[in-house]
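Chemist: One structure, as structure tokens, below. Some questions next.
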Amino acid sequence: MKIGPNSVVSLNYQLRLNDDNEIIDSSGDGSFTIMVGHGNIIPGLESQLLGLEGGASKDVTVQPKDGYGVRDKAKVIGMPRSQLPDDFVVEVGVPLELEDQKGHSFMVWVAGTEGDDVVLDGNHPLAGETLHFSVTIVTVRAASKEELAHGHVHGAGGHHH
């Protein structure tokens, strides 16, 4: 069976950012299960899976606009250290959930410090990066009616990207 919209796909992947071959993310010991066509993974990777079958391997390069977005300088903000929880560890790369004025939560990541301010970056840490995936398809099956209704795979305990 070939991968198409609403296929449930188990895959193994490794992610590198450039040619130095350092793997920054991978599916680890278990495979990663997604339902195609429901925004479970970044669009630039999902679109490249279409038409593959179980057992297939593919190297996929995803440009920033199809990955985690282009870096947006407007999303970098300074916040006085005093406004952050006392027990918050200020280290580059630490995630923090903030709320905007409407009460919507969004993620920022610590980018550094400037004086008494902590510099928070609302860009995903992989924003602006070209992503190099090595993907191996493990299995492909059709989604169940229940999965289609919910838009995600059931019983997959996998992590979402």
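Here, A, B, ... name the chains of the structure tokens in the order displayed, residue numbers run from 1 inside each chain, and ligands are numbered from 1 in the same displayed order.
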Can you pull out every residue within 7 Å of region 70-76 of chain A, counting only C-alpha atoms, but drop anything in the same chain fewer than 6 positions away, and send it as a PDB file with N, CA and C atoms, in the first residue's frame?
Modeler:
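Contents of result-v6.pdb, freshly written:
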```pdb
ATOM      1  N   PRO A  64      13.354  25.912   5.232  1.00  0.00           N
ATOM      2  CA  PRO A  64      12.724  26.488   6.432  1.00  0.00           C
ATOM      3  C   PRO A  64      11.234  26.783   6.278  1.00  0.00           C
ATOM      4  N   VAL A 119      16.524  37.257  27.302  1.00  0.00           N
ATOM      5  CA  VAL A 119      16.094  37.338  25.908  1.00  0.00           C
ATOM      6  C   VAL A 119      15.342  36.061  25.561  1.00  0.00           C
ATOM      7  N   LEU A 120      14.084  36.227  25.178  1.00  0.00           N
ATOM      8  CA  LEU A 120      13.229  35.086  24.846  1.00  0.00           C
ATOM      9  C   LEU A 120      12.938  35.110  23.356  1.00  0.00           C
ATOM     10  N   ASP A 121      13.028  33.946  22.742  1.00  0.00           N
ATOM     11  CA  ASP A 121      12.865  33.832  21.293  1.00  0.00           C
ATOM     12  C   ASP A 121      11.629  32.993  20.999  1.00  0.00           C
ATOM     13  N   GLY A 122      10.650  33.596  20.335  1.00  0.00           N
ATOM     14  CA  GLY A 122       9.414  32.886  19.996  1.00  0.00           C
ATOM     15  C   GLY A 122       9.532  32.048  18.741  1.00  0.00           C
ATOM     16  N   ASN A 123      10.684  32.113  18.091  1.00  0.00           N
ATOM     17  CA  ASN A 123      10.909  31.234  16.939  1.00  0.00           C
ATOM     18  C   ASN A 123      11.226  29.836  17.450  1.00  0.00           C
ATOM     19  N   ALA A 127      13.748  27.009  13.588  1.00  0.00           N
ATOM     20  CA  ALA A 127      13.322  27.990  12.584  1.00  0.00           C
ATOM     21  C   ALA A 127      14.548  28.458  11.807  1.00  0.00           C
ATOM     22  N   GLY A 128      14.362  28.627  10.509  1.00  0.00           N
ATOM     23  CA  GLY A 128      15.452  29.121   9.680  1.00  0.00           C
ATOM     24  C   GLY A 128      16.448  28.048   9.282  1.00  0.00           C
TER      25      GLY A 128
END
```
Chemist: Would you mind listing, for every residue of region 35-109 of chain A within 10 Å of region 151-154 of chain A, the two atoms forming the shortest contact and the distance between them in Å to one decimal, using only C-alpha atoms, sorted by chain and ascending residue number, as a Markdown table?
Modeler:
```
| residue | atom | partner | partner_atom | distance |
| --- | --- | --- | --- | --- |
| A:Met35 | CA | A:His152 | CA | 5.9 |
| A:Val36 | CA | A:His152 | CA | 9.0 |
| A:Gly37 | CA | A:Gly151 | CA | 8.7 |
| A:His38 | CA | A:Gly151 | CA | 6.0 |
| A:Gly39 | CA | A:Gly151 | CA | 8.9 |
| A:Asn40 | CA | A:His152 | CA | 7.5 |
```
Chemist: Please identify the strand (DSSP E or B) residues within chain A (assignment by DSSP from backbone atoms) and present them as a ChimeraX atom specification.
Modeler: /A:2,7-16,23-26,32-35,53,57-62,76-80,95-99,105-114,117-121,131-142
Chemist: Neighbours of Asn18 (chain A) within 12 Å (only C-alpha atoms; same-chain residues fewer than 6 positions away dropped), as a list of chain:residue names?
Modeler: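 Here the qualifying residues turn out to be A:Ile24, A:Thr61, A:Val62, A:Gln63, A:Glu129, A:Thr130, A:Leu131, A:His132, A:Phe133.
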Chemist: Which one is closest to Val9 (chain A): A:Gly69, A:Gly54, A:Gly103, A:Pro95? Count only C-alpha atoms.
Modeler: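 Answer, going by the shortest atom-to-atom distance: A:Gly54.
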Chemist: Distance CA of Met107 (chain A)-CA of Ile77 (chain A), one decimal place?
Modeler: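 Going from CA of Met107 (chain A) over to CA of Ile77 (chain A), I get 12.2 Å.
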Chemist: I'd like the neighbourhood of Asp59 (chain A) as JSON, numbers by chain, where a residue qualifies if any of its atoms comes within 12 Å (using only C-alpha atoms), though same-chain residues fewer than 6 positions away should be ignored.
Modeler: {"A": [12, 13, 14, 15, 16, 45, 48, 49, 131, 132, 133, 134, 135, 136, 137]}
Chemist: Save out the residues we just selected, N, CA and C atoms, as an mmCIF file, in the first residue's frame.
Modeler:
```cif
data_model
loop_
_atom_site.group_PDB
_atom_site.id
_atom_site.type_symbol
_atom_site.label_atom_id
_atom_site.label_comp_id
_atom_site.auth_asym_id
_atom_site.auth_seq_id
_atom_site.Cartn_x
_atom_site.Cartn_y
_atom_site.Cartn_z
ATOM 1 N N ASN A 12 10.781 5.366 10.788
ATOM 2 C CA ASN A 12 11.961 5.711 11.569
ATOM 3 C C ASN A 12 12.610 6.876 10.863
ATOM 4 N N TYR A 13 13.122 7.820 11.639
ATOM 5 C CA TYR A 13 13.773 8.947 10.984
ATOM 6 C C TYR A 13 14.972 9.408 11.796
ATOM 7 N N GLN A 14 15.873 10.067 11.103
ATOM 8 C CA GLN A 14 16.973 10.779 11.732
ATOM 9 C C GLN A 14 16.983 12.166 11.121
ATOM 10 N N LEU A 15 17.270 13.161 11.938
ATOM 11 C CA LEU A 15 17.284 14.539 11.460
ATOM 12 C C LEU A 15 18.664 15.138 11.667
ATOM 13 N N ARG A 16 19.192 15.710 10.587
ATOM 14 C CA ARG A 16 20.456 16.441 10.660
ATOM 15 C C ARG A 16 20.204 17.841 10.109
ATOM 16 N N LEU A 45 8.089 17.613 5.172
ATOM 17 C CA LEU A 45 8.416 16.189 5.291
ATOM 18 C C LEU A 45 7.223 15.354 4.846
ATOM 19 N N GLN A 48 6.697 14.721 1.176
ATOM 20 C CA GLN A 48 7.677 13.842 0.539
ATOM 21 C C GLN A 48 7.419 12.360 0.821
ATOM 22 N N LEU A 49 6.527 12.083 1.754
ATOM 23 C CA LEU A 49 6.234 10.680 2.079
ATOM 24 C C LEU A 49 5.216 10.072 1.122
ATOM 25 N N LEU A 131 16.373 21.367 6.999
ATOM 26 C CA LEU A 131 16.321 20.083 7.711
ATOM 27 C C LEU A 131 16.614 18.932 6.762
ATOM 28 N N HIS A 132 17.484 18.047 7.190
ATOM 29 C CA HIS A 132 17.826 16.882 6.367
ATOM 30 C C HIS A 132 17.342 15.628 7.090
ATOM 31 N N PHE A 133 16.289 15.031 6.575
ATOM 32 C CA PHE A 133 15.725 13.825 7.177
ATOM 33 C C PHE A 133 16.159 12.591 6.408
ATOM 34 N N SER A 134 16.491 11.553 7.141
ATOM 35 C CA SER A 134 16.639 10.223 6.544
ATOM 36 C C SER A 134 15.492 9.401 7.094
ATOM 37 N N VAL A 135 14.609 8.971 6.216
ATOM 38 C CA VAL A 135 13.375 8.325 6.642
ATOM 39 C C VAL A 135 13.312 6.901 6.120
ATOM 40 N N THR A 136 12.888 5.986 6.949
ATOM 41 C CA THR A 136 12.580 4.631 6.499
ATOM 42 C C THR A 136 11.147 4.328 6.898
ATOM 43 N N ILE A 137 10.336 3.934 5.924
ATOM 44 C CA ILE A 137 8.938 3.607 6.190
ATOM 45 C C ILE A 137 8.874 2.186 6.741
#
```
